[in-house]
Amino acid sequence: MSLQIPSPTCHTPAGIVLDGFVDSDVPASPTGVSIDPEPAEADARRGVMDLTLTLRHGGSRTLALHYEFIGTLSAPVVLVAGGISADRHVAGSRAFPQAGWWDAQCGPGRALDPRHRCVLSFDWIGSDGSLDLPIDPADQAEAVAALLDHLGVHRLDAFVGCSYGAMVGLQFAALHPARLRRLVAISGCHRPHPYASAARALQRRAVALGALQCDGSHGLALARQLAMLGYRTPEEFQLRFGGATVVNGAVRVDAEDYLDHCGAIYADKVHPVAFTRLSESIDLQDVDPRQIDVPVTVVAVADDRIVPLADACELVEDLPSGARLRILHSRFGHDAFLKEHAAVADVLVESLAGAPGAEEVA
């Protein structure tokens with residue numbers, strides 16, 4: 001793993017119902033948020049708020065928005081958002097000790113330290129499978145703005161987005177620049193690459209074929225297996241897996257057990273409609289970088305097959321002054337933000353501290 005700072009002319013590639021503390025029948029407050037007094041030892045809180053949004057492609061809808069924050073809202077607030085499979089549980093805490101999806105970066109002594117910053121996250125609208133219509137990334141950004149209103153947070157200290165979360169972060173920066181101090185966009189850009197969109201379209205077809213056979217779970221599992229081939233790299237598979245064998249008269253390649261495992265776990269926890277609509281949402285991404293007027297650190301992975309480095313270079317070149325590009329190299333490709341703990345932590349620490357000496361790309 002290495003970290004590179006490119007030259008400024010990068011034209012070609014080298015990517016509160018507090019369900020931890022009260023039950024679900026607590027009456028809602030007039031603002032649509034049910035709130036319970038915070039226990040003295042609580043270091044994290046969860047909540048759900050009623051939200052009415054005018055969706056870009058679906059009209060007005062009333063939704064339930066589930067969120068979690070670690071730390072206190074009186075500290076600088078950093079909103080953290082991951083890929084379409086990520087949820088509000090970023091990291092384990094005393095209140096909610098189960099592992100989160102980004103424990104490596106969030107916790108005492110880590111890049112996102114809740115002793116110094118409040119780490120806020122939420123479940124994507126549509127992630128429960130109840131919203132069966134097109135969901136624009138801009139809809140998610142408006143949900144963030146509504147959540148901040150309900151929590152009384154005027155301005156985010158930072159929005160840290162990974163993959164789909166980076167796309168939503170760019171939308172939020174364009175739509176609500178006064179509410180954001182800075183954005184860190186990791187492995188996500190202003191538009192999807194057509195090659196990646198084509199791969200996602202085939203994944204959604206796998207889900208649709210499963211549904212036609214009354215076997216949506218297997219269709220979703222196959223879609224996830226196809227997706228893993230894009231998230232990871234040939235270099236990783238070369239190191240991890242061997243050749244084919246004959247088992248019970250059939251040829252089976254070494255990676256199939258791994259892919260089966262990934263598909264089964266995913267299908268067990270994700271609703272097929274949620275996957276389909278959030279996958280589509282990635283392909284609806286469309287932001288004009290010239291309309292973004294907040295400092296942005298763009299983190300790209302040179303080996304990313306989903307978000308090519310050339311797209312990240314284009315994004316940085318079109319952003320106003322103050323944008324920075326950081327390039328990582330990783331055999332984990334698009335999933336580097338989940339796997340390359342030290343390198344990602346270094347970028348987060350630098351970006352959130354406003355470290356001097358970082359090269360700017362105008």
# chains A, B, ... in the order shown; residues from 1 in each chain; ligands from 1
>>> residues_around(residues="Pro137 (chain A)", least_positions_apart="5", cutoff="9 Å", atoms="only C-alpha atoms", output="list in words")
Glu142, Tyr164, Gly165, Met167, Val168, Gly169, Gln171, Leu278, Ser281, Ile282, Leu284, Gln285 and Asp286 of chain A
>>> write_last_selection(atoms="N, CA and C atoms", output="mmCIF file, in the first residue's frame")
data_model
loop_
_atom_site.group_PDB
_atom_site.id
_atom_site.type_symbol
_atom_site.label_atom_id
_atom_site.label_comp_id
_atom_site.auth_asym_id
_atom_site.auth_seq_id
_atom_site.Cartn_x
_atom_site.Cartn_y
_atom_site.Cartn_z
ATOM 1 N N GLU A 142 -30.988 15.207 0.841
ATOM 2 C CA GLU A 142 -32.056 15.965 1.492
ATOM 3 C C GLU A 142 -32.468 15.313 2.809
ATOM 4 N N TYR A 164 -20.948 4.752 -2.401
ATOM 5 C CA TYR A 164 -22.208 5.478 -2.550
ATOM 6 C C TYR A 164 -22.281 6.665 -1.598
ATOM 7 N N GLY A 165 -21.724 6.512 -0.407
ATOM 8 C CA GLY A 165 -21.715 7.610 0.550
ATOM 9 C C GLY A 165 -20.950 8.818 0.040
ATOM 10 N N MET A 167 -20.824 9.675 -3.110
ATOM 11 C CA MET A 167 -21.746 10.282 -4.077
ATOM 12 C C MET A 167 -22.765 11.163 -3.367
ATOM 13 N N VAL A 168 -23.328 10.646 -2.289
ATOM 14 C CA VAL A 168 -24.299 11.422 -1.521
ATOM 15 C C VAL A 168 -23.626 12.646 -0.896
ATOM 16 N N GLY A 169 -22.389 12.483 -0.443
ATOM 17 C CA GLY A 169 -21.659 13.618 0.105
ATOM 18 C C GLY A 169 -21.475 14.732 -0.911
ATOM 19 N N GLN A 171 -23.466 15.302 -3.421
ATOM 20 C CA GLN A 171 -24.791 15.904 -3.572
ATOM 21 C C GLN A 171 -25.075 16.885 -2.440
ATOM 22 N N LEU A 278 -31.290 0.746 -4.537
ATOM 23 C CA LEU A 278 -30.065 1.466 -4.172
ATOM 24 C C LEU A 278 -28.971 1.270 -5.227
ATOM 25 N N SER A 281 -29.790 3.682 -7.742
ATOM 26 C CA SER A 281 -29.486 5.032 -7.263
ATOM 27 C C SER A 281 -28.050 5.427 -7.598
ATOM 28 N N ILE A 282 -27.135 4.479 -7.512
ATOM 29 C CA ILE A 282 -25.754 4.763 -7.897
ATOM 30 C C ILE A 282 -25.711 5.262 -9.337
ATOM 31 N N LEU A 284 -27.956 6.769 -10.980
ATOM 32 C CA LEU A 284 -28.629 8.055 -11.161
ATOM 33 C C LEU A 284 -27.754 9.236 -10.740
ATOM 34 N N GLN A 285 -26.573 8.955 -10.193
ATOM 35 C CA GLN A 285 -25.706 10.035 -9.712
ATOM 36 C C GLN A 285 -25.364 11.015 -10.833
ATOM 37 N N ASP A 286 -25.552 12.291 -10.568
ATOM 38 C CA ASP A 286 -25.230 13.327 -11.546
ATOM 39 C C ASP A 286 -25.044 14.650 -10.812
#
>>> residues_around(residues="Gly71 (chain A)", least_positions_apart="2", cutoff="9 Å", atoms="only C-alpha atoms", output="PDB file with all heavy atoms, in the first residue's frame")
ATOM      1  N   ALA A  42     -24.311   6.281  28.633  1.00  0.00           N
ATOM      2  CA  ALA A  42     -24.475   6.071  27.199  1.00  0.00           C
ATOM      3  C   ALA A  42     -23.409   6.812  26.422  1.00  0.00           C
ATOM      4  O   ALA A  42     -23.173   7.991  26.639  1.00  0.00           O
ATOM      5  CB  ALA A  42     -25.858   6.533  26.754  1.00  0.00           C
ATOM      6  N   ASP A  43     -22.733   6.107  25.516  1.00  0.00           N
ATOM      7  CA  ASP A  43     -21.776   6.767  24.642  1.00  0.00           C
ATOM      8  C   ASP A  43     -22.284   6.791  23.205  1.00  0.00           C
ATOM      9  O   ASP A  43     -21.636   7.343  22.328  1.00  0.00           O
ATOM     10  CB  ASP A  43     -20.419   6.079  24.705  1.00  0.00           C
ATOM     11  CG  ASP A  43     -20.487   4.616  24.269  1.00  0.00           C
ATOM     12  OD1 ASP A  43     -21.595   4.046  24.283  1.00  0.00           O
ATOM     13  OD2 ASP A  43     -19.437   4.055  23.914  1.00  0.00           O
ATOM     14  N   ALA A  44     -23.440   6.175  22.958  1.00  0.00           N
ATOM     15  CA  ALA A  44     -24.040   6.183  21.628  1.00  0.00           C
ATOM     16  C   ALA A  44     -25.555   6.164  21.789  1.00  0.00           C
ATOM     17  O   ALA A  44     -26.081   5.621  22.762  1.00  0.00           O
ATOM     18  CB  ALA A  44     -23.579   4.971  20.822  1.00  0.00           C
ATOM     19  N   ARG A  45     -26.227   6.762  20.833  1.00  0.00           N
ATOM     20  CA  ARG A  45     -27.689   6.780  20.869  1.00  0.00           C
ATOM     21  C   ARG A  45     -28.231   6.470  19.484  1.00  0.00           C
ATOM     22  O   ARG A  45     -27.602   6.777  18.475  1.00  0.00           O
ATOM     23  CB  ARG A  45     -28.199   8.140  21.341  1.00  0.00           C
ATOM     24  CG  ARG A  45     -27.696   8.551  22.712  1.00  0.00           C
ATOM     25  CD  ARG A  45     -28.366   9.827  23.190  1.00  0.00           C
ATOM     26  NE  ARG A  45     -29.730   9.548  23.633  1.00  0.00           N
ATOM     27  CZ  ARG A  45     -30.575  10.500  24.032  1.00  0.00           C
ATOM     28  NH1 ARG A  45     -30.201  11.772  24.020  1.00  0.00           N
ATOM     29  NH2 ARG A  45     -31.785  10.189  24.437  1.00  0.00           N
ATOM     30  N   PHE A  69     -25.762   7.989  16.603  1.00  0.00           N
ATOM     31  CA  PHE A  69     -24.560   8.802  16.758  1.00  0.00           C
ATOM     32  C   PHE A  69     -23.776   8.338  17.977  1.00  0.00           C
ATOM     33  O   PHE A  69     -24.338   7.872  18.958  1.00  0.00           O
ATOM     34  CB  PHE A  69     -24.865  10.307  16.823  1.00  0.00           C
ATOM     35  CG  PHE A  69     -25.765  10.752  17.935  1.00  0.00           C
ATOM     36  CD1 PHE A  69     -25.252  11.056  19.198  1.00  0.00           C
ATOM     37  CD2 PHE A  69     -27.130  10.914  17.723  1.00  0.00           C
ATOM     38  CE1 PHE A  69     -26.090  11.494  20.226  1.00  0.00           C
ATOM     39  CE2 PHE A  69     -27.969  11.349  18.740  1.00  0.00           C
ATOM     40  CZ  PHE A  69     -27.450  11.647  19.996  1.00  0.00           C
ATOM     41  N   LEU A  73     -23.635  15.514  20.667  1.00  0.00           N
ATOM     42  CA  LEU A  73     -23.948  16.444  19.595  1.00  0.00           C
ATOM     43  C   LEU A  73     -23.392  17.841  19.843  1.00  0.00           C
ATOM     44  O   LEU A  73     -23.409  18.688  18.940  1.00  0.00           O
ATOM     45  CB  LEU A  73     -25.464  16.517  19.390  1.00  0.00           C
ATOM     46  CG  LEU A  73     -26.122  15.262  18.806  1.00  0.00           C
ATOM     47  CD1 LEU A  73     -27.638  15.374  18.859  1.00  0.00           C
ATOM     48  CD2 LEU A  73     -25.657  15.037  17.370  1.00  0.00           C
ATOM     49  N   SER A  74     -22.902  18.096  21.045  1.00  0.00           N
ATOM     50  CA  SER A  74     -22.276  19.392  21.323  1.00  0.00           C
ATOM     51  C   SER A  74     -20.860  19.482  20.756  1.00  0.00           C
ATOM     52  O   SER A  74     -20.290  20.562  20.659  1.00  0.00           O
ATOM     53  CB  SER A  74     -22.243  19.657  22.830  1.00  0.00           C
ATOM     54  OG  SER A  74     -21.465  18.667  23.492  1.00  0.00           O
ATOM     55  N   ALA A  75     -20.292  18.329  20.375  1.00  0.00           N
ATOM     56  CA  ALA A  75     -18.967  18.294  19.741  1.00  0.00           C
ATOM     57  C   ALA A  75     -19.121  18.511  18.242  1.00  0.00           C
ATOM     58  O   ALA A  75     -20.231  18.435  17.703  1.00  0.00           O
ATOM     59  CB  ALA A  75     -18.300  16.951  20.026  1.00  0.00           C
ATOM     60  N   ASP A 113     -12.497   9.787  16.283  1.00  0.00           N
ATOM     61  CA  ASP A 113     -12.504   9.550  17.722  1.00  0.00           C
ATOM     62  C   ASP A 113     -13.731  10.222  18.342  1.00  0.00           C
ATOM     63  O   ASP A 113     -13.812  11.458  18.374  1.00  0.00           O
ATOM     64  CB  ASP A 113     -11.235  10.110  18.346  1.00  0.00           C
ATOM     65  CG  ASP A 113     -11.026   9.650  19.779  1.00  0.00           C
ATOM     66  OD1 ASP A 113     -12.036   9.427  20.484  1.00  0.00           O
ATOM     67  OD2 ASP A 113      -9.856   9.535  20.202  1.00  0.00           O
ATOM     68  N   PRO A 114     -14.704   9.436  18.834  1.00  0.00           N
ATOM     69  CA  PRO A 114     -15.929  10.035  19.391  1.00  0.00           C
ATOM     70  C   PRO A 114     -15.714  10.796  20.693  1.00  0.00           C
ATOM     71  O   PRO A 114     -16.643  11.432  21.188  1.00  0.00           O
ATOM     72  CB  PRO A 114     -16.844   8.824  19.592  1.00  0.00           C
ATOM     73  CG  PRO A 114     -15.922   7.650  19.696  1.00  0.00           C
ATOM     74  CD  PRO A 114     -14.752   7.971  18.820  1.00  0.00           C
ATOM     75  N   ARG A 115     -14.503  10.747  21.247  1.00  0.00           N
ATOM     76  CA  ARG A 115     -14.215  11.592  22.406  1.00  0.00           C
ATOM     77  C   ARG A 115     -14.018  13.047  21.995  1.00  0.00           C
ATOM     78  O   ARG A 115     -14.129  13.950  22.816  1.00  0.00           O
ATOM     79  CB  ARG A 115     -12.962  11.088  23.126  1.00  0.00           C
ATOM     80  CG  ARG A 115     -13.097   9.679  23.704  1.00  0.00           C
ATOM     81  CD  ARG A 115     -11.779   9.193  24.253  1.00  0.00           C
ATOM     82  NE  ARG A 115     -10.745   9.170  23.215  1.00  0.00           N
ATOM     83  CZ  ARG A 115      -9.487   8.779  23.427  1.00  0.00           C
ATOM     84  NH1 ARG A 115      -9.119   8.394  24.641  1.00  0.00           N
ATOM     85  NH2 ARG A 115      -8.594   8.787  22.450  1.00  0.00           N
ATOM     86  N   HIS A 116     -13.751  13.253  20.712  1.00  0.00           N
ATOM     87  CA  HIS A 116     -13.484  14.596  20.214  1.00  0.00           C
ATOM     88  C   HIS A 116     -14.475  15.048  19.150  1.00  0.00           C
ATOM     89  O   HIS A 116     -14.633  16.247  18.917  1.00  0.00           O
ATOM     90  CB  HIS A 116     -12.070  14.671  19.639  1.00  0.00           C
ATOM     91  CG  HIS A 116     -11.019  14.190  20.589  1.00  0.00           C
ATOM     92  ND1 HIS A 116     -10.770  14.799  21.808  1.00  0.00           N
ATOM     93  CD2 HIS A 116     -10.157  13.134  20.518  1.00  0.00           C
ATOM     94  CE1 HIS A 116      -9.800  14.149  22.433  1.00  0.00           C
ATOM     95  NE2 HIS A 116      -9.420  13.139  21.674  1.00  0.00           N
ATOM     96  N   ARG A 117     -15.130  14.090  18.491  1.00  0.00           N
ATOM     97  CA  ARG A 117     -16.114  14.398  17.462  1.00  0.00           C
ATOM     98  C   ARG A 117     -17.328  13.515  17.654  1.00  0.00           C
ATOM     99  O   ARG A 117     -17.214  12.383  18.106  1.00  0.00           O
ATOM    100  CB  ARG A 117     -15.553  14.142  16.057  1.00  0.00           C
ATOM    101  CG  ARG A 117     -14.421  15.050  15.638  1.00  0.00           C
ATOM    102  CD  ARG A 117     -14.023  14.739  14.197  1.00  0.00           C
ATOM    103  NE  ARG A 117     -13.037  15.690  13.692  1.00  0.00           N
ATOM    104  CZ  ARG A 117     -11.724  15.494  13.733  1.00  0.00           C
ATOM    105  NH1 ARG A 117     -11.248  14.377  14.268  1.00  0.00           N
ATOM    106  NH2 ARG A 117     -10.896  16.401  13.243  1.00  0.00           N
ATOM    107  N   CYS A 118     -18.473  14.021  17.295  1.00  0.00           N
ATOM    108  CA  CYS A 118     -19.678  13.200  17.272  1.00  0.00           C
ATOM    109  C   CYS A 118     -19.782  12.545  15.899  1.00  0.00           C
ATOM    110  O   CYS A 118     -19.772  13.232  14.867  1.00  0.00           O
ATOM    111  CB  CYS A 118     -20.910  14.066  17.533  1.00  0.00           C
ATOM    112  SG  CYS A 118     -22.461  13.138  17.477  1.00  0.00           S
ATOM    113  N   VAL A 119     -19.845  11.218  15.864  1.00  0.00           N
ATOM    114  CA  VAL A 119     -19.924  10.477  14.610  1.00  0.00           C
ATOM    115  C   VAL A 119     -21.384  10.084  14.383  1.00  0.00           C
ATOM    116  O   VAL A 119     -21.963   9.303  15.136  1.00  0.00           O
ATOM    117  CB  VAL A 119     -19.028   9.229  14.652  1.00  0.00           C
ATOM    118  CG1 VAL A 119     -19.163   8.427  13.360  1.00  0.00           C
ATOM    119  CG2 VAL A 119     -17.568   9.639  14.875  1.00  0.00           C
ATOM    120  N   LEU A 120     -21.964  10.645  13.348  1.00  0.00           N
ATOM    121  CA  LEU A 120     -23.382  10.473  13.038  1.00  0.00           C
ATOM    122  C   LEU A 120     -23.533   9.678  11.752  1.00  0.00           C
ATOM    123  O   LEU A 120     -22.790   9.875  10.786  1.00  0.00           O
ATOM    124  CB  LEU A 120     -24.036  11.860  12.867  1.00  0.00           C
ATOM    125  CG  LEU A 120     -25.471  11.922  12.345  1.00  0.00           C
ATOM    126  CD1 LEU A 120     -26.446  11.294  13.337  1.00  0.00           C
ATOM    127  CD2 LEU A 120     -25.845  13.386  12.059  1.00  0.00           C
TER     128      LEU A 120
END
>>> residues_around(residues="Ala300 (chain A)", least_positions_apart="2", cutoff="9 Å", atoms="only C-alpha atoms", output="PyMOL selection string")
chain A and resi 15+185-188+298+302-304+307-309+312-313+325-329+334
>>> write_last_selection(atoms="N, CA, C and O atoms", output="compact mmCIF listing (two decimals), in the first residue's frame")
# COMPACT_ATOMS: atom_id res chain seq x y z
N GLY A 15 -9.97 6.37 -8.77
CA GLY A 15 -11.42 6.16 -7.88
C GLY A 15 -12.10 6.40 -7.22
O GLY A 15 -12.56 7.00 -7.72
N ALA A 185 -14.39 12.45 0.16
CA ALA A 185 -15.09 11.55 -0.75
C ALA A 185 -14.15 10.42 -1.15
O ALA A 185 -13.18 10.63 -1.90
N ILE A 186 -14.43 9.22 -0.65
CA ILE A 186 -13.56 8.06 -0.87
C ILE A 186 -14.23 7.10 -1.85
O ILE A 186 -15.34 6.61 -1.60
N SER A 187 -13.58 6.84 -2.95
CA SER A 187 -14.05 5.85 -3.94
C SER A 187 -15.48 6.13 -4.40
O SER A 187 -16.31 5.21 -4.50
N GLY A 188 -15.77 7.37 -4.68
CA GLY A 188 -17.06 7.77 -5.22
C GLY A 188 -16.92 9.08 -5.96
O GLY A 188 -16.14 9.94 -5.54
N VAL A 298 -10.63 14.22 -2.30
CA VAL A 298 -11.06 13.07 -3.08
C VAL A 298 -10.01 11.97 -2.91
O VAL A 298 -8.82 12.20 -3.15
N ALA A 302 -6.13 3.44 -7.19
CA ALA A 302 -5.67 3.23 -8.56
C ALA A 302 -6.16 1.91 -9.13
O ALA A 302 -6.32 1.78 -10.35
N ASP A 303 -6.42 0.93 -8.27
CA ASP A 303 -6.81 -0.41 -8.70
C ASP A 303 -8.33 -0.60 -8.70
O ASP A 303 -8.81 -1.72 -8.90
N ASP A 304 -9.09 0.46 -8.48
CA ASP A 304 -10.54 0.38 -8.39
C ASP A 304 -11.15 0.14 -9.77
O ASP A 304 -10.96 0.93 -10.69
N VAL A 307 -14.77 2.63 -9.75
CA VAL A 307 -14.59 4.08 -9.87
C VAL A 307 -13.17 4.30 -10.40
O VAL A 307 -12.21 4.39 -9.62
N PRO A 308 -13.00 4.40 -11.71
CA PRO A 308 -11.65 4.53 -12.27
C PRO A 308 -10.94 5.81 -11.81
O PRO A 308 -11.59 6.83 -11.55
N LEU A 309 -9.64 5.72 -11.72
CA LEU A 309 -8.85 6.86 -11.30
C LEU A 309 -9.07 8.07 -12.20
O LEU A 309 -9.08 9.21 -11.74
N ALA A 312 -11.85 10.19 -10.96
CA ALA A 312 -11.49 10.97 -9.78
C ALA A 312 -10.65 12.19 -10.18
O ALA A 312 -10.82 13.29 -9.64
N CYS A 313 -9.74 12.00 -11.14
CA CYS A 313 -8.94 13.13 -11.62
C CYS A 313 -9.84 14.19 -12.25
O CYS A 313 -9.66 15.39 -12.00
N LEU A 325 -6.49 15.64 -4.15
CA LEU A 325 -6.61 14.25 -4.59
C LEU A 325 -5.56 13.41 -3.88
O LEU A 325 -4.38 13.74 -3.87
N ARG A 326 -6.01 12.30 -3.31
CA ARG A 326 -5.11 11.33 -2.70
C ARG A 326 -5.33 9.99 -3.41
O ARG A 326 -6.47 9.56 -3.58
N ILE A 327 -4.24 9.36 -3.80
CA ILE A 327 -4.32 8.10 -4.54
C ILE A 327 -3.73 6.97 -3.70
O ILE A 327 -2.59 7.08 -3.24
N LEU A 328 -4.52 5.93 -3.51
CA LEU A 328 -4.05 4.73 -2.81
C LEU A 328 -3.86 3.61 -3.82
O LEU A 328 -4.51 3.57 -4.87
N HIS A 329 -3.00 2.68 -3.48
CA HIS A 329 -2.82 1.46 -4.27
C HIS A 329 -3.16 0.28 -3.37
O HIS A 329 -2.65 0.16 -2.25
N HIS A 334 -11.90 -1.52 -5.01
CA HIS A 334 -12.94 -0.62 -4.51
C HIS A 334 -13.14 -0.79 -3.01
O HIS A 334 -13.54 0.16 -2.33
>>> closest_residue(among="A:Asp293, A:Asp123, A:Glu340, A:Asp288", to="Leu315 (chain A)", atoms="only C-alpha atoms")
A:Asp288
>>> atom_distance(atom1="CA of Gly322 (chain A)", atom2="CA of Val344 (chain A)")
20.1 Å
>>> closest_residue(among="A:Val80, A:Leu131, A:Leu53, A:Ala95", to="Leu112 (chain A)", atoms="only C-alpha atoms")
A:Val80
>>> residues_around(residues="Val273 (chain A)", least_positions_apart="5", cutoff="8 Å", atoms="only C-alpha atoms", output="MDAnalysis selection string")
chainID A and resid 129:132
>>> closest_residue(among="A:Gly242, A:Ala310, A:Ala141, A:His218", to="Leu170 (chain A)", atoms="only C-alpha atoms")
A:Ala141
>>> select_by_dssp(residues="region 168-323 of chain A", states="alpha helix (DSSP H)", output="VMD selection string")
chain A and resid 168 to 175 194 to 212 216 to 231 234 to 240 256 to 269 272 to 283 309 to 318
>>> select_by_dssp(residues="region 54-273 of chain A", states="strand (DSSP E or B)", output="count of residues only")
43
>>> residues_around(residues="Ala244 (chain A)", least_positions_apart="6", cutoff="12 Å", atoms="only C-alpha atoms", output="PDB file with C-alpha atoms, in the first residue's frame")
ATOM      1  CA  ALA A 250     -18.543 -31.192 -12.053  1.00  0.00           C
ATOM      2  CA  VAL A 251     -15.735 -28.665 -12.357  1.00  0.00           C
ATOM      3  CA  ARG A 252     -15.544 -26.219  -9.479  1.00  0.00           C
ATOM      4  CA  VAL A 253     -13.117 -23.304  -9.310  1.00  0.00           C
ATOM      5  CA  ASP A 254     -11.367 -22.432  -6.082  1.00  0.00           C
ATOM      6  CA  ALA A 255     -13.077 -19.054  -5.619  1.00  0.00           C
ATOM      7  CA  GLU A 256     -16.617 -20.447  -5.730  1.00  0.00           C
ATOM      8  CA  ASP A 257     -16.805 -21.224  -2.011  1.00  0.00           C
TER       9      ASP A 257
END
>>> atom_distance(atom1="CA of Phe122 (chain A)", atom2="CA of His271 (chain A)")
17.3 Å
>>> closest_residue(among="A:Val160, A:Ala64, A:Leu222, A:Ile306", to="Asp50 (chain A)", atoms="only C-alpha atoms")
A:Ala64
>>> closest_residue(among="A:Ala223, A:Cys162, A:Leu151, A:Val287", to="Ala86 (chain A)", atoms="only C-alpha atoms")
A:Cys162
>>> atom_distance(atom1="CA of Met49 (chain A)", atom2="CA of Ile135 (chain A)")
18.9 Å
>>> residues_around(residues="Val294 (chain A)", least_positions_apart="5", cutoff="8 Å", atoms="only C-alpha atoms", output="number ranges by chain")
A: 173, 177, 180-183, 322
>>> closest_residue(among="A:Leu226, A:Val247, A:Ala178, A:Val184", to="Arg200 (chain A)", atoms="only C-alpha atoms")
A:Leu226
